[in-house]
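Content type CSV, C-alpha atoms, from the file entry_7.csv:
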chain,number,residue,atom,x,y,z
A,192,MET,CA,-85.3,-163.2,90.3
A,193,ILE,CA,-88.3,-165.0,91.8
A,194,GLY,CA,-88.1,-167.9,89.3
A,195,PRO,CA,-84.9,-169.6,90.3
A,196,LEU,CA,-85.7,-168.8,94.0
A,197,LEU,CA,-89.1,-170.5,93.8
A,198,ARG,CA,-87.6,-173.4,91.9
A,199,ARG,CA,-85.0,-174.0,94.5
A,200,ASP,CA,-87.5,-173.7,97.4
A,201,LEU,CA,-89.9,-176.2,95.7
A,202,GLY,CA,-87.0,-178.6,95.2
A,203,LEU,CA,-86.2,-178.3,98.9
A,204,LEU,CA,-89.7,-178.6,100.2
A,205,LEU,CA,-91.8,-180.8,97.9
A,206,PRO,CA,-92.2,-184.4,99.1
A,207,GLY,CA,-89.2,-186.3,97.8
A,208,GLY,CA,-87.3,-183.0,97.9
A,209,ARG,CA,-84.0,-182.6,99.6
A,210,GLY,CA,-84.7,-180.6,102.6
A,211,GLY,CA,-88.3,-180.9,103.5
A,212,ALA,CA,-90.3,-183.2,105.8
A,213,GLY,CA,-91.5,-185.2,102.8
A,214,VAL,CA,-94.7,-187.2,103.2
A,215,LEU,CA,-94.3,-187.4,106.9
A,216,PRO,CA,-97.0,-184.7,107.7
A,217,LEU,CA,-99.4,-186.5,105.4
A,218,LEU,CA,-98.9,-189.9,107.1
A,219,PHE,CA,-99.2,-188.2,110.5
A,220,PHE,CA,-102.5,-186.6,109.4
A,221,LEU,CA,-103.9,-190.0,108.2
A,222,ALA,CA,-102.7,-191.7,111.3
A,223,VAL,CA,-104.8,-189.3,113.5
A,224,ALA,CA,-107.9,-189.9,111.3
A,225,MET,CA,-107.3,-193.7,111.7
A,226,LEU,CA,-106.7,-193.6,115.4
A,227,TYR,CA,-109.7,-191.5,116.3
A,228,PRO,CA,-112.4,-194.2,115.6
A,229,PHE,CA,-110.3,-196.7,117.6
A,230,ALA,CA,-110.3,-194.3,120.5
A,231,VAL,CA,-113.9,-193.3,120.7
A,232,GLY,CA,-115.5,-196.5,119.4
A,233,PRO,CA,-117.6,-197.4,116.4
A,234,ASP,CA,-120.4,-195.0,117.0
A,235,ALA,CA,-121.1,-193.8,113.4
A,236,GLN,CA,-123.2,-190.9,114.5
A,237,LEU,CA,-120.6,-189.6,116.9
A,238,LEU,CA,-117.8,-190.0,114.4
A,239,ALA,CA,-119.8,-188.2,111.7
A,240,ARG,CA,-120.6,-185.4,114.1
A,241,THR,CA,-117.1,-184.8,115.4
A,242,GLY,CA,-115.0,-186.1,112.5
A,243,GLY,CA,-114.8,-182.8,110.8
A,244,GLY,CA,-113.2,-181.2,113.8
A,245,VAL,CA,-110.8,-184.0,114.2
A,246,ILE,CA,-109.6,-183.5,110.6
A,247,TRP,CA,-109.0,-179.9,111.4
A,248,VAL,CA,-107.0,-180.6,114.5
A,249,ALA,CA,-105.0,-183.2,112.6
A,250,ALA,CA,-104.3,-180.8,109.8
A,251,LEU,CA,-103.1,-178.1,112.2
A,252,LEU,CA,-100.7,-180.5,113.9
A,253,ALA,CA,-99.5,-181.9,110.6
A,254,ALA,CA,-98.7,-178.3,109.5
A,255,ILE,CA,-96.2,-178.1,112.4
A,256,LEU,CA,-94.1,-181.0,111.3
A,257,PRO,CA,-92.3,-179.4,108.3
A,258,LEU,CA,-91.4,-176.2,110.3
A,259,GLU,CA,-88.1,-177.5,111.6
A,260,LYS,CA,-86.5,-177.6,108.2
A,261,LEU,CA,-88.3,-174.6,106.7
A,262,VAL,CA,-85.7,-171.8,107.4
A,263,THR,CA,-83.0,-173.1,109.8
A,264,ALA,CA,-80.8,-174.9,107.3
A,265,ASP,CA,-80.6,-172.0,104.9
A,266,LEU,CA,-80.0,-169.5,107.7
A,267,ASP,CA,-77.1,-171.6,109.0
A,268,ALA,CA,-75.6,-172.1,105.5
A,269,GLY,CA,-75.6,-168.4,104.9
A,270,VAL,CA,-78.0,-168.6,101.9
A,271,PHE,CA,-79.9,-165.5,103.0
A,272,ASP,CA,-76.7,-163.6,103.4
A,273,GLN,CA,-75.7,-164.4,99.8
A,274,LEU,CA,-79.2,-163.5,98.5
A,275,HIS,CA,-79.0,-160.2,100.4
A,276,LEU,CA,-75.8,-159.3,98.7
A,277,ARG,CA,-77.4,-160.0,95.3
A,278,GLY,CA,-80.2,-157.6,96.1
A,279,VAL,CA,-82.8,-160.3,96.9
A,280,SER,CA,-84.5,-159.0,100.0
A,281,GLU,CA,-85.4,-161.2,102.9
A,282,GLU,CA,-89.0,-160.4,102.2
A,283,LEU,CA,-88.9,-161.8,98.7
A,284,ALA,CA,-87.0,-164.9,99.8
A,285,MET,CA,-89.7,-165.5,102.5
A,286,ALA,CA,-92.6,-164.9,100.0
A,287,SER,CA,-91.1,-167.5,97.8
A,288,ARG,CA,-90.6,-169.8,100.7
A,289,LEU,CA,-94.2,-169.3,101.8
A,290,LEU,CA,-95.6,-170.2,98.4
A,291,ALA,CA,-93.4,-173.3,98.2
A,292,HIS,CA,-94.3,-174.3,101.7
A,293,TRP,CA,-98.0,-174.1,101.0
A,294,VAL,CA,-97.6,-176.0,97.7
A,295,ALA,CA,-95.6,-178.7,99.4
A,296,PHE,CA,-98.1,-179.5,102.1
A,297,ALA,CA,-101.6,-178.2,101.4
A,298,PRO,CA,-102.7,-179.9,98.2
A,299,LEU,CA,-101.6,-183.3,99.4
A,300,LEU,CA,-103.3,-182.6,102.7
A,301,LEU,CA,-106.6,-181.8,100.8
A,302,LEU,CA,-106.2,-185.0,98.9
A,303,ALA,CA,-105.6,-187.0,102.1
A,304,THR,CA,-108.8,-185.5,103.5
A,305,LEU,CA,-110.8,-187.8,101.2
A,306,PRO,CA,-109.5,-191.1,102.8
A,307,ALA,CA,-109.6,-189.5,106.2
A,308,ALA,CA,-113.2,-188.5,105.7
A,309,ALA,CA,-114.0,-192.1,104.6
A,310,LEU,CA,-112.3,-193.4,107.8
A,311,LEU,CA,-114.4,-191.2,109.9
A,312,GLY,CA,-117.6,-191.8,107.9
A,313,LEU,CA,-118.2,-188.1,107.1
A,314,GLY,CA,-121.2,-187.2,104.8
A,315,GLY,CA,-120.8,-185.5,101.5
A,316,GLU,CA,-121.9,-182.1,102.8
A,317,THR,CA,-119.5,-182.2,105.7
A,318,LEU,CA,-116.6,-183.3,103.5
A,319,ARG,CA,-117.3,-180.4,101.2
A,320,THR,CA,-117.3,-177.9,104.1
A,321,VAL,CA,-114.1,-179.4,105.5
A,322,LEU,CA,-112.3,-179.3,102.1
A,323,LEU,CA,-113.4,-175.7,101.5
A,324,GLY,CA,-112.4,-174.7,105.0
A,325,LEU,CA,-109.0,-176.3,104.7
A,326,LEU,CA,-108.5,-174.7,101.3
A,327,ALA,CA,-109.2,-171.3,103.0
A,328,GLY,CA,-107.3,-172.1,106.1
A,329,THR,CA,-104.1,-173.8,105.0
A,330,PRO,CA,-102.5,-170.6,103.5
A,331,GLY,CA,-103.0,-169.1,106.9
A,332,LEU,CA,-101.4,-172.1,108.7
A,333,ALA,CA,-98.5,-172.0,106.2
A,334,ALA,CA,-98.0,-168.2,107.0
A,335,VAL,CA,-98.1,-168.7,110.7
A,336,GLY,CA,-95.7,-171.6,110.4
A,337,LEU,CA,-93.2,-169.6,108.3
A,338,ILE,CA,-93.3,-166.6,110.7
A,339,VAL,CA,-92.7,-168.9,113.7
A,340,ALA,CA,-90.0,-170.9,111.9
A,341,ALA,CA,-88.1,-167.8,111.0
A,342,LEU,CA,-88.5,-166.4,114.5
A,343,THR,CA,-87.1,-169.5,116.1
A,344,ALA,CA,-84.5,-170.4,113.5
A,345,SER,CA,-81.6,-169.0,115.3
A,346,LEU,CA,-82.6,-170.5,118.7
A,347,ARG,CA,-81.3,-173.7,120.1
A,348,GLY,CA,-84.2,-176.2,120.4
A,349,GLY,CA,-86.2,-173.8,118.2
A,350,ALA,CA,-88.1,-176.6,116.5
A,351,ALA,CA,-90.0,-177.7,119.6
A,352,LEU,CA,-90.7,-174.1,120.5
A,353,ALA,CA,-92.0,-173.4,117.0
A,354,GLY,CA,-94.6,-176.2,117.4
A,355,LEU,CA,-95.8,-174.6,120.7
A,356,MET,CA,-95.9,-171.1,119.3
A,357,VAL,CA,-97.9,-172.1,116.2
A,358,ILE,CA,-100.8,-173.5,118.1
A,359,PRO,CA,-102.2,-170.3,119.8
A,360,LEU,CA,-101.6,-168.3,116.6
A,361,ALA,CA,-103.6,-170.8,114.6
A,362,VAL,CA,-106.5,-170.9,117.0
A,363,PRO,CA,-108.6,-168.2,115.0
A,364,ILE,CA,-108.2,-170.2,111.8
A,365,LEU,CA,-109.4,-173.3,113.7
A,366,ILE,CA,-112.3,-171.6,115.3
A,367,PHE,CA,-113.8,-170.2,112.1
A,368,GLY,CA,-112.7,-173.0,109.8
A,369,ALA,CA,-114.0,-175.8,112.0
A,370,GLY,CA,-116.8,-173.7,113.2
A,371,ALA,CA,-118.1,-173.5,109.6
A,372,LEU,CA,-119.1,-177.2,110.1
A,373,SER,CA,-121.8,-176.4,112.6
A,374,ARG,CA,-123.2,-173.4,110.8
A,375,PRO,CA,-125.3,-173.5,107.6
A,376,GLU,CA,-124.2,-170.2,106.2
A,377,SER,CA,-120.7,-169.6,104.8
A,378,SER,CA,-119.6,-166.8,107.1
A,379,GLY,CA,-117.1,-169.1,108.9
A,380,LEU,CA,-115.4,-170.0,105.6
A,381,LEU,CA,-115.3,-166.3,104.6
A,382,LEU,CA,-113.7,-165.3,107.9
A,383,THR,CA,-111.2,-168.1,107.6
A,384,SER,CA,-110.2,-166.8,104.2
A,385,ALA,CA,-109.9,-163.3,105.5
A,386,ILE,CA,-107.6,-164.4,108.3
A,387,SER,CA,-105.5,-166.5,105.9
A,388,LEU,CA,-105.1,-163.6,103.5
A,389,GLY,CA,-104.2,-161.2,106.3
A,390,LEU,CA,-101.6,-163.7,107.6
A,391,CYS,CA,-100.2,-164.3,104.2
A,392,ALA,CA,-99.8,-160.6,103.6
A,393,ILE,CA,-97.9,-160.1,106.9
A,394,ALA,CA,-95.8,-163.3,106.8
A,395,PRO,CA,-93.1,-162.3,104.3
A,396,PHE,CA,-92.4,-159.1,106.2
A,397,ALA,CA,-92.5,-160.6,109.7
A,398,ALA,CA,-90.3,-163.6,108.6
A,399,GLY,CA,-88.0,-161.3,106.7
A,400,ALA,CA,-87.5,-159.1,109.7
A,401,ALA,CA,-86.9,-162.2,111.8
A,402,ILE,CA,-84.1,-163.3,109.4
A,403,ARG,CA,-82.5,-159.9,109.5
A,404,SER,CA,-82.5,-159.8,113.3
A,405,ALA,CA,-81.1,-163.3,113.5
A,406,ARG,CA,-78.1,-162.0,111.7
A,407,GLU,CA,-77.4,-159.5,114.4
A,408,GLY,CA,-77.5,-162.1,117.1
B,248,MET,CA,-64.7,-151.9,86.6
B,249,GLN,CA,-65.9,-149.0,88.7
B,250,ALA,CA,-65.7,-149.7,92.4
B,251,ARG,CA,-65.5,-147.8,95.6
B,252,LEU,CA,-65.8,-148.7,99.2
B,253,ALA,CA,-65.6,-146.1,102.0
B,254,ALA,CA,-66.1,-146.8,105.6
B,255,LYS,CA,-66.1,-143.9,108.1
B,256,ASP,CA,-65.4,-144.1,111.8
B,257,LEU,CA,-66.7,-147.7,112.3
B,258,ALA,CA,-67.3,-149.2,115.6
B,259,CYS,CA,-68.5,-152.7,116.3
B,260,ARG,CA,-70.1,-154.0,119.4
B,261,ARG,CA,-70.9,-157.7,120.0
B,262,GLY,CA,-73.0,-158.4,123.0
B,263,ASP,CA,-71.7,-155.9,125.6
B,264,ARG,CA,-68.2,-155.8,124.3
B,265,LEU,CA,-66.8,-153.1,122.0
B,266,LEU,CA,-64.6,-154.9,119.6
B,267,PHE,CA,-63.1,-151.9,117.7
B,268,ARG,CA,-63.8,-148.3,117.1
B,269,GLY,CA,-62.6,-145.3,115.0
B,270,LEU,CA,-61.9,-147.5,112.0
B,271,SER,CA,-61.9,-145.6,108.7
B,272,LEU,CA,-61.1,-147.2,105.3
B,273,GLU,CA,-61.2,-145.8,101.8
B,274,CYS,CA,-60.7,-148.1,98.8
B,275,ASP,CA,-60.9,-147.2,95.1
B,276,SER,CA,-60.4,-149.4,92.1
B,277,SER,CA,-57.5,-151.8,92.3
B,278,ALA,CA,-57.1,-151.6,96.1
B,279,ALA,CA,-56.1,-154.6,98.1
B,280,VAL,CA,-56.4,-154.6,101.9
B,281,HIS,CA,-55.2,-157.2,104.3
B,282,VAL,CA,-57.0,-157.1,107.7
B,283,THR,CA,-55.0,-158.8,110.4
B,284,GLY,CA,-55.5,-159.6,114.0
B,285,ALA,CA,-55.8,-162.3,116.5
B,286,ASN,CA,-58.9,-164.6,116.9
B,287,GLY,CA,-62.0,-162.8,118.2
B,288,ILE,CA,-60.7,-159.3,117.5
B,289,GLY,CA,-63.5,-158.6,115.1
B,290,LYS,CA,-62.1,-159.5,111.6
B,291,SER,CA,-65.2,-161.4,110.6
B,292,SER,CA,-67.5,-158.7,112.1
B,293,LEU,CA,-65.7,-156.1,110.1
B,294,ILE,CA,-66.2,-158.0,106.9
B,295,ARG,CA,-69.8,-158.5,107.6
B,296,ILE,CA,-70.3,-154.8,108.4
B,297,LEU,CA,-68.6,-153.9,105.1
B,298,ALA,CA,-70.9,-156.3,103.4
B,299,GLY,CA,-73.9,-154.6,104.9
B,300,LEU,CA,-75.0,-157.7,106.7
B,301,LEU,CA,-74.2,-156.4,110.2
B,302,ARG,CA,-75.2,-153.0,111.5
B,303,PRO,CA,-72.1,-151.1,112.8
B,304,PHE,CA,-72.4,-149.8,116.3
B,305,ALA,CA,-71.3,-146.4,114.9
B,306,GLY,CA,-70.1,-145.1,111.6
B,307,THR,CA,-71.2,-145.6,108.0
B,308,VAL,CA,-70.3,-147.7,105.0
B,309,GLU,CA,-70.7,-146.7,101.4
B,310,THR,CA,-70.1,-149.0,98.5
B,311,VAL,CA,-70.3,-148.6,94.7
B,312,GLY,CA,-70.4,-151.9,92.8
B,313,GLY,CA,-71.6,-155.4,93.6
B,314,ILE,CA,-70.2,-157.2,96.6
B,315,GLY,CA,-69.0,-160.8,96.6
B,316,LEU,CA,-68.6,-162.4,100.0
B,317,VAL,CA,-66.8,-165.6,101.0
B,318,ASP,CA,-66.9,-166.6,104.6
B,319,GLU,CA,-66.9,-169.9,106.4
B,320,ARG,CA,-70.5,-170.5,105.3
B,321,LEU,CA,-70.8,-172.2,102.0
B,322,ALA,CA,-74.5,-171.4,101.1
B,323,LEU,CA,-74.6,-174.4,98.8
B,324,ASP,CA,-77.2,-177.2,99.1
B,325,GLU,CA,-75.4,-180.0,100.9
B,326,SER,CA,-77.3,-182.9,99.3
B,327,LEU,CA,-76.9,-181.6,95.7
B,328,PRO,CA,-74.0,-182.4,93.4
B,329,LEU,CA,-71.6,-179.5,93.4
B,330,GLY,CA,-72.4,-178.5,89.8
B,331,LYS,CA,-76.2,-178.3,90.5
B,332,ALA,CA,-75.6,-176.4,93.7
B,333,LEU,CA,-73.5,-173.8,92.0
B,334,ASP,CA,-76.0,-173.7,89.2
B,335,PHE,CA,-78.5,-171.9,91.4
B,336,TRP,CA,-76.1,-169.0,92.1
B,337,GLU,CA,-75.0,-168.9,88.5
B,338,THR,CA,-78.6,-168.5,87.4
B,339,LEU,CA,-79.1,-165.7,89.9
B,340,ASP,CA,-75.9,-164.0,88.9
B,341,GLY,CA,-76.5,-164.4,85.2
B,342,CYS,CA,-73.1,-166.1,84.9
B,343,ARG,CA,-72.3,-167.0,81.3
B,344,ASP,CA,-68.9,-168.8,81.6
B,345,ALA,CA,-69.1,-171.0,84.7
B,346,GLY,CA,-66.5,-173.4,83.2
B,347,ARG,CA,-63.8,-170.8,83.7
B,348,ALA,CA,-64.0,-170.8,87.5
B,349,MET,CA,-64.2,-174.6,87.6
B,350,GLU,CA,-61.0,-174.8,85.6
B,351,LEU,CA,-59.2,-172.1,87.5
B,352,LEU,CA,-60.0,-173.7,90.8
B,353,ASP,CA,-59.6,-177.2,89.6
B,354,LEU,CA,-63.1,-178.3,90.4
B,355,ALA,CA,-64.1,-179.9,87.1
B,356,ASP,CA,-63.7,-183.4,88.4
B,357,LEU,CA,-65.9,-182.7,91.5
B,358,LEU,CA,-69.1,-181.5,89.7
B,359,ASP,CA,-70.9,-184.8,90.3
B,360,VAL,CA,-69.9,-185.1,93.9
B,361,PRO,CA,-72.6,-184.1,96.5
B,362,VAL,CA,-71.5,-181.0,98.4
B,363,ARG,CA,-71.6,-182.8,101.8
B,364,PHE,CA,-68.9,-185.2,100.7
B,365,LEU,CA,-66.4,-182.5,99.8
B,366,SER,CA,-63.3,-181.9,102.0
B,367,THR,CA,-62.6,-178.7,103.8
B,368,GLY,CA,-60.3,-177.4,101.0
B,369,GLN,CA,-62.7,-178.5,98.3
B,370,ARG,CA,-65.6,-176.7,100.0
B,371,LYS,CA,-63.5,-173.5,100.2
B,372,ARG,CA,-62.7,-173.8,96.5
B,373,ALA,CA,-66.4,-174.2,95.8
B,374,ALA,CA,-67.2,-171.0,97.6
B,375,LEU,CA,-64.4,-169.2,95.7
B,376,ALA,CA,-66.0,-170.6,92.4
B,377,ARG,CA,-69.3,-169.0,93.5
B,378,LEU,CA,-67.4,-165.7,94.0
B,379,LEU,CA,-65.7,-165.9,90.6
B,380,ASN,CA,-68.9,-166.7,88.8
B,381,ARG,CA,-70.5,-163.6,90.3
B,382,ASP,CA,-68.2,-161.2,88.5
B,383,CYS,CA,-68.5,-158.4,90.9
B,384,PRO,CA,-66.0,-155.6,91.7
B,385,ILE,CA,-65.8,-155.8,95.5
B,386,TRP,CA,-64.5,-159.0,97.1
B,387,LEU,CA,-64.9,-159.4,100.8
B,388,LEU,CA,-63.0,-162.5,101.9
B,389,ASP,CA,-63.0,-163.9,105.4
B,390,GLU,CA,-60.2,-166.3,105.9
B,391,PRO,CA,-60.2,-167.4,102.2
B,392,LEU,CA,-57.0,-169.5,102.6
B,393,ASN,CA,-58.3,-171.7,105.4
B,394,GLY,CA,-58.1,-175.3,104.3
B,395,LEU,CA,-56.5,-174.6,101.0
B,396,ASP,CA,-53.3,-176.5,100.1
B,397,THR,CA,-50.2,-174.6,99.0
B,398,GLN,CA,-50.9,-175.0,95.4
B,399,ALA,CA,-54.5,-173.8,95.7
B,400,GLN,CA,-53.4,-170.8,97.8
B,401,LYS,CA,-50.9,-169.8,95.1
B,402,ALA,CA,-53.7,-170.1,92.5
B,403,PHE,CA,-56.1,-168.0,94.5
B,404,GLU,CA,-53.5,-165.3,95.3
B,405,ALA,CA,-53.0,-165.1,91.5
B,406,LEU,CA,-56.7,-164.7,91.0
B,407,ILE,CA,-56.9,-161.9,93.6
B,408,ALA,CA,-54.0,-160.1,91.8
B,409,GLN,CA,-55.8,-160.5,88.5
B,410,HIS,CA,-59.0,-159.2,90.1
B,411,CYS,CA,-57.3,-156.1,91.4
B,412,GLN,CA,-55.5,-155.5,88.1
B,413,GLY,CA,-58.9,-155.4,86.4
B,414,GLY,CA,-60.0,-152.6,88.8
B,415,GLY,CA,-61.6,-154.7,91.5
B,416,ILE,CA,-61.3,-154.2,95.2
B,417,ALA,CA,-60.2,-157.1,97.5
B,418,ILE,CA,-60.5,-156.9,101.3
B,419,VAL,CA,-59.1,-160.0,102.9
B,420,ALA,CA,-59.4,-160.8,106.6
B,421,SER,CA,-56.8,-163.5,107.3
B,422,HIS,CA,-54.6,-164.4,110.3
B,423,GLN,CA,-52.1,-166.0,107.9
B,424,PRO,CA,-49.9,-164.1,105.5
B,425,ILE,CA,-51.3,-163.7,102.0
B,426,ALA,CA,-49.6,-162.3,99.0
B,427,LEU,CA,-51.7,-159.3,97.8
B,428,PRO,CA,-50.8,-156.8,95.1
B,429,SER,CA,-49.6,-153.6,96.7
B,430,PRO,CA,-51.3,-154.4,99.9
B,431,ARG,CA,-52.4,-152.1,102.7
B,432,THR,CA,-52.5,-153.7,106.0
B,433,ILE,CA,-55.1,-152.9,108.7
B,434,ALA,CA,-54.1,-154.3,112.1
B,435,LEU,CA,-57.3,-154.4,114.0
B,436,ALA,CA,-55.5,-154.4,117.3
B,437,GLU,CA,-54.7,-150.7,116.7
B,438,PHE,CA,-58.4,-149.9,116.8
B,439,ALA,CA,-59.3,-152.1,119.7
B,440,ALA,CA,-61.4,-150.4,122.2
Let me see whether you can do it: turn the structure in this file into structure tokens.
Amino acid sequence: MIGPLLRRDLGLLLPGGRGGAGVLPLLFFLAVAMLYPFAVGPDAQLLARTGGGVIWVAALLAAILPLEKLVTADLDAGVFDQLHLRGVSEELAMASRLLAHWVAFAPLLLLATLPAAALLGLGGETLRTVLLGLLAGTPGLAAVGLIVAALTASLRGGAALAGLMVIPLAVPILIFGAGALSRPESSGLLLTSAISLGLCAIAPFAAGAAIRSAREG
Amino acid sequence: MQARLAAKDLACRRGDRLLFRGLSLECDSSAAVHVTGANGIGKSSLIRILAGLLRPFAGTVETVGGIGLVDERLALDESLPLGKALDFWETLDGCRDAGRAMELLDLADLLDVPVRFLSTGQRKRAALARLLNRDCPIWLLDEPLNGLDTQAQKAFEALIAQHCQGGGIAIVASHQPIALPSPRTIALAEFAA
């Protein structure tokens, strides 16, 4: 059951897919990394010290962009109704969507971190910490995004609201993920992973419940 | 085909309005029911309650056998060609003979056309094709004739008759007359609260 579901979700969400945000989040992410040196000036030391945090903020904001199309279209088209009738639970549909959402935005984001790090003049050690942190944090960002997208899918103007709701929920990931940059030991990365795993475990259930309650509305 | 649908003492509330109450319905194999009533009286809500998609305010629904639902929502990917969009559901439903529905509903020429370019009637026929491919005993149809031309209406009425002959159940909510085999009519106005 999960095979065709995942294939359809990936077809929707992957860049170049039919329903996703495409490469827009990626370009947004790179644009922030490009604009930051223009804004603070060419102080290489300052850039190297703060660049890691900027990449984190850019990644968090880029993760908000695809949310608008994550759930709404399928909810309006009655896809989840038809899946429900076929015994595919909302939880399973949301688990598949979570995986597809992460695959569609995180690997490319990690790849784009390389040119972003070059633009900000980050050192090798910092880049490594940022990459590991994003690898640990992006599943959590995807999970928060999915929950919020499902919660706001049936609301008018839900997309803008979704963006605002993601930010406070993503703060713990940001604190520990970006915090790892200023700490020599790896406790920040481990905590980020823990938060991510927790959120990923909750997300299918929370988002599934949101879809079900949207039906009653 | 073994099929059964029993609803007991259903009531439906939308917002703070009670739409209908005390509605009971028993269907065994080969039953056809026509649910009639004016706009907004709760026909679509009844169909969704029977499908298990909406919680009734009171009462219970029991079903034996798979449920196929056709309502105003197509559940096909708008940007995909029709054939590809139907493919997804065919795979999920394990449909072996998708060509049959295409032929019966005269869709074969439209398989390459993206779903968003289809006309109202063509979209309805696509939804009916999804239903036929599913091969399930209980059909819940919400205004299935909307947008269909006379010829397609006749063809679909024949398909319902065939479905019921094979032991299936068809429950049709429609404000327009529809020819059903040995139909029972439920006028929702009688259960209005």
Record the distance separating CA of Leu357 in chain B and CA of Leu204 in chain A, expressed in Å with one decimal.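 For CA of Leu357 in chain B relative to CA of Leu204 in chain A, the distance reads 25.7 Å.
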Choose the residue, out of B:Arg372, B:Leu378, B:Leu365, B:His281, that has the smallest atom-to-atom separation from chain A; count only C-alpha atoms. B:Leu378
Interface, chain A side, toward chain B (12 Å; only C-alpha atoms) as number ranges by chain: A: 192-200, 202-203, 208-211, 264-281, 402-408
Taking all atoms listed in the file into account, which of B:Ala305, B:Ala278, B:Leu379, B:Leu395 comes nearest Leu257 in chain B?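 Once distances to Leu257 in chain B are computed over all atoms listed in the file, the minimum belongs to B:Ala305.
Atom pair CA of Ser384 in chain A / CA of Gly331 in chain A: separated by 8.0 Å.
Note that the spacing between CA of Ala308 in chain A and CA of Gly213 in chain A amounts to 22.1 Å.
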Option closest in space to Val245 in chain A, from A:Gly336, A:Gly379, A:Pro228, A:Pro359 [counting all atoms listed in the file]: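 Closest residue, counting all atoms listed in the file: A:Pro228.
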Name all residues at most 12 Å from Val214 in chain A (count only C-alpha atoms; drop same-chain ones fewer than 6 positions away) and give them as number ranges by chain. A: 204-208, 220-221, 253-254, 256-257, 295-300, 303
With all atoms listed in the file as the atoms that count, which of A:Gly232, A:Met356, A:Glu316, A:Ala333 lies nearest to Pro395 in chain A? A:Ala333
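Distances to Leu354 in chain B were evaluated for B:Leu329, B:Ile425, B:Leu297, B:Cys342 using only C-alpha atoms, and the minimum falls at B:Leu329.
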Residues near Thr307 in chain B, cut-off 9 Å, only C-alpha atoms, skip fewer than 6 positions along chain, as a PyMOL selection string: chain B and resi 253-257
For the residues in the current selection, export C-alpha atoms as a JSON list (two decimals), in the coordinates of the input.
[["chain", "number", "residue", "atom", "x", "y", "z"],
["B", 253, "ALA", "CA", -65.60, -146.10, 102.00],
["B", 254, "ALA", "CA", -66.10, -146.80, 105.60],
["B", 255, "LYS", "CA", -66.10, -143.90, 108.10],
["B", 256, "ASP", "CA", -65.40, -144.10, 111.80],
["B", 257, "LEU", "CA", -66.70, -147.70, 112.30]]
What would the list of residues within 12 Å of (-113.3, -163.0, 110.5) (file frame) look like as a count of residues only, if all atoms listed in the file are what count? 23
Which is closest to Ala279 in chain B among B:Leu265, B:Leu427, B:Leu358, B:Ile433, if we use all atoms listed in the file? B:Leu427
